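Since the structure comes first, as structure tokens, the remarks are kept for the end.
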Amino acid sequence: GQNIDQPTEMTATEGAIVQINCTYQTSGFNGLFWYQQHAGEAPTFLSYNVLDGLEEKGRFSSFLSRSKGYSYLLLKELQMKDSASYLCAHLGQAGTALIFGKGTTLSVSS
Amino acid sequence: SAVISQKPSRDICQRGTSLTIQCQVDSQVTMMFWYRQQPGQSLTLIATANQGSEATYESGFVIDKFPISRPNLTFSTLTVSNMSPEDSSIYLCSVEVISGRTSAVDTQYFGPGTRLTVL
């Protein structure tokens, strides 16, 4: 089966660091994705991990532990514009389409 | 990356009618997907649409309700048939862009979505 869990909501203040966790269960692992979705807009690709470890891309980093079925997205130097939903996803059993978690709504305040 | 457009961007429809949503991509892609995002929810995959073959539907979605066409490598349509208020949702088209490099991932890009309200 396939299951993805992530917190529903998180809050943080400008300039802070926030870590959004994601745990997953899948019968065949082909990579873990993070997408950002602002209200009323389409999701946009943030990061992809297929090997264990940390991938850094500017203010955003993503970590993966395949043995633990665990990933996190780390956002540094938070800005108001980072207020959005963050979606954890992995490839489905066919290895093609993405299967998404319910998303974490992040609210950044001043 | 890929530039994806959808038509219409939004519509308000009456119960029992059907709506066809169009998805156009600026480059040829093999894999196209249709997702639904109900209010306050995450994305749920409806079906995978490959050119030259019938769409593959996920559990809970059937061809009679959501017929899909994929006439070429840059275009697809999704029809929401015999609509009810429960079909009110955002419908998103997505494509997989092949990086062609082993060091880079094949990434999915999303269209802007079609916001459907059924009265």
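Residue numbers start at 1 in each chain; chains themselves are named A, B, ... in the order of the structure tokens; ligands are numbered from 1 in the order shown.
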Residues of chain B in strand (DSSP E or B) according to DSSP, as a PyMOL selection string? chain B and resi 4-7+10-13+19-25+31-37+43-50+56-57+68-72+75-80+89-97+107-110+114-118
With only C-alpha atoms considered, list every residue of chain B at most 9 Å from chain A, as a compact mmCIF listing (two decimals) with N, CA, C and O atoms, in the first residue's frame.
# COMPACT_ATOMS: atom_id res chain seq x y z
N MET B 31 4.03 11.50 -20.92
CA MET B 31 3.13 11.24 -19.82
C MET B 31 2.34 12.50 -19.46
O MET B 31 2.93 13.55 -19.22
N MET B 32 1.03 12.38 -19.42
CA MET B 32 0.17 13.44 -18.93
C MET B 32 -0.76 12.85 -17.87
O MET B 32 -1.17 11.69 -17.98
N PHE B 33 -1.06 13.64 -16.88
CA PHE B 33 -1.86 13.18 -15.76
C PHE B 33 -2.96 14.17 -15.46
O PHE B 33 -2.79 15.38 -15.67
N GLN B 41 -8.12 20.24 0.34
CA GLN B 41 -7.50 18.91 0.30
C GLN B 41 -6.26 18.92 -0.58
O GLN B 41 -5.97 19.89 -1.26
N SER B 42 -5.55 17.80 -0.56
CA SER B 42 -4.38 17.65 -1.42
C SER B 42 -4.82 17.12 -2.78
O SER B 42 -6.00 17.01 -3.07
N LEU B 43 -3.87 16.80 -3.61
CA LEU B 43 -4.16 16.36 -4.97
C LEU B 43 -4.40 14.86 -5.00
O LEU B 43 -3.65 14.09 -4.42
N THR B 44 -5.42 14.46 -5.73
CA THR B 44 -5.74 13.06 -5.94
C THR B 44 -5.64 12.75 -7.42
O THR B 44 -6.27 13.42 -8.24
N LEU B 45 -4.89 11.72 -7.76
CA LEU B 45 -4.72 11.34 -9.15
C LEU B 45 -5.99 10.71 -9.68
O LEU B 45 -6.52 9.78 -9.07
N ALA B 47 -6.30 9.95 -13.35
CA ALA B 47 -5.90 9.02 -14.41
C ALA B 47 -4.61 9.48 -15.06
O ALA B 47 -4.22 10.64 -14.97
N THR B 48 -3.97 8.53 -15.71
CA THR B 48 -2.79 8.79 -16.53
C THR B 48 -3.19 8.67 -17.99
O THR B 48 -3.82 7.68 -18.38
N LEU B 92 -6.56 19.61 -12.23
CA LEU B 92 -5.24 20.01 -12.69
C LEU B 92 -4.67 18.99 -13.67
O LEU B 92 -4.73 17.78 -13.44
N GLU B 96 4.93 15.04 -17.27
CA GLU B 96 6.25 14.62 -16.83
C GLU B 96 7.26 15.07 -17.87
O GLU B 96 7.11 14.75 -19.06
N VAL B 105 16.39 14.63 -12.23
CA VAL B 105 15.15 13.89 -12.07
C VAL B 105 14.17 14.26 -13.16
O VAL B 105 14.17 15.37 -13.69
N THR B 107 10.75 15.40 -13.82
CA THR B 107 9.90 16.17 -12.93
C THR B 107 8.52 16.34 -13.51
O THR B 107 8.34 16.45 -14.72
N GLN B 108 7.52 16.39 -12.64
CA GLN B 108 6.16 16.69 -13.04
C GLN B 108 5.88 18.17 -12.86
O GLN B 108 6.20 18.75 -11.81
N TYR B 109 5.29 18.77 -13.88
CA TYR B 109 4.87 20.16 -13.84
C TYR B 109 3.36 20.22 -13.98
O TYR B 109 2.76 19.41 -14.68
N PHE B 110 2.78 21.23 -13.33
CA PHE B 110 1.33 21.34 -13.27
C PHE B 110 0.82 22.54 -14.04
O PHE B 110 1.46 23.60 -14.06
N GLY B 111 -0.34 22.37 -14.63
CA GLY B 111 -1.05 23.49 -15.21
C GLY B 111 -1.69 24.33 -14.12
O GLY B 111 -1.67 23.96 -12.94
N PRO B 112 -2.28 25.47 -14.50
CA PRO B 112 -2.84 26.40 -13.51
C PRO B 112 -4.13 25.90 -12.88
O PRO B 112 -4.57 26.46 -11.88
N GLY B 113 -4.73 24.86 -13.44
CA GLY B 113 -5.95 24.31 -12.85
C GLY B 113 -7.22 24.93 -13.41
O GLY B 113 -7.22 26.04 -13.94
I'd like the interatomic distance between atom CA of B:Glu58 and atom CA of B:Asp87, to a tenth of an Å.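 Atom CA of B:Glu58 sits 16.2 Å away from atom CA of B:Asp87.
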Selection near stretch 52-67 of chain A, 7 Å with only C-alpha atoms, sequence-local residues under 6 positions removed, as a PyMOL selection string: chain A and resi 73-77
Which value, in Å to one decimal, gives the distance between atom CA of A:Leu106 and atom CA of B:Arg36?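 Between atom CA of A:Leu106 and atom CA of B:Arg36 the gap works out to 21.6 Å.
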So that I can see what lies close to B:Phe66, please list as JSON, numbers by chain the residues with an atom at most 10 Å from it, counting only C-alpha atoms and leaving out residues fewer than 6 positions away in the same chain. {"B": [18, 19, 20, 34, 46, 47, 57, 77, 78, 79, 80, 81, 82]}
Separation of atom CA of B:Tyr91 from atom CA of B:Tyr35 in Å: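 Going from atom CA of B:Tyr35 over to atom CA of B:Tyr91, I get 5.8 Å.
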Distance criterion (only C-alpha atoms): nearest to B:Ala49 out of B:Val62, B:Ile68, B:Val29, B:Val3: B:Ile68
Looking at only C-alpha atoms, which of B:Ser88, B:Gln28, B:Asn50, B:Thr17 is the one that sits closest to B:Ser1? B:Gln28
Between A:Ser110, A:Pro7, A:His90, A:Gly69, which has the minimum distance to A:Gln19 (counting only C-alpha atoms)?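 Of all the options, A:Pro7 lies closest to A:Gln19.
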Neighbouring residues of A:Asp5 were defined as those with any atom within 7 Å, considering only C-alpha atoms; residues of the same chain fewer than 3 positions away were excluded. Please report them as an NGL selection string. :A and (22-24 or 101)
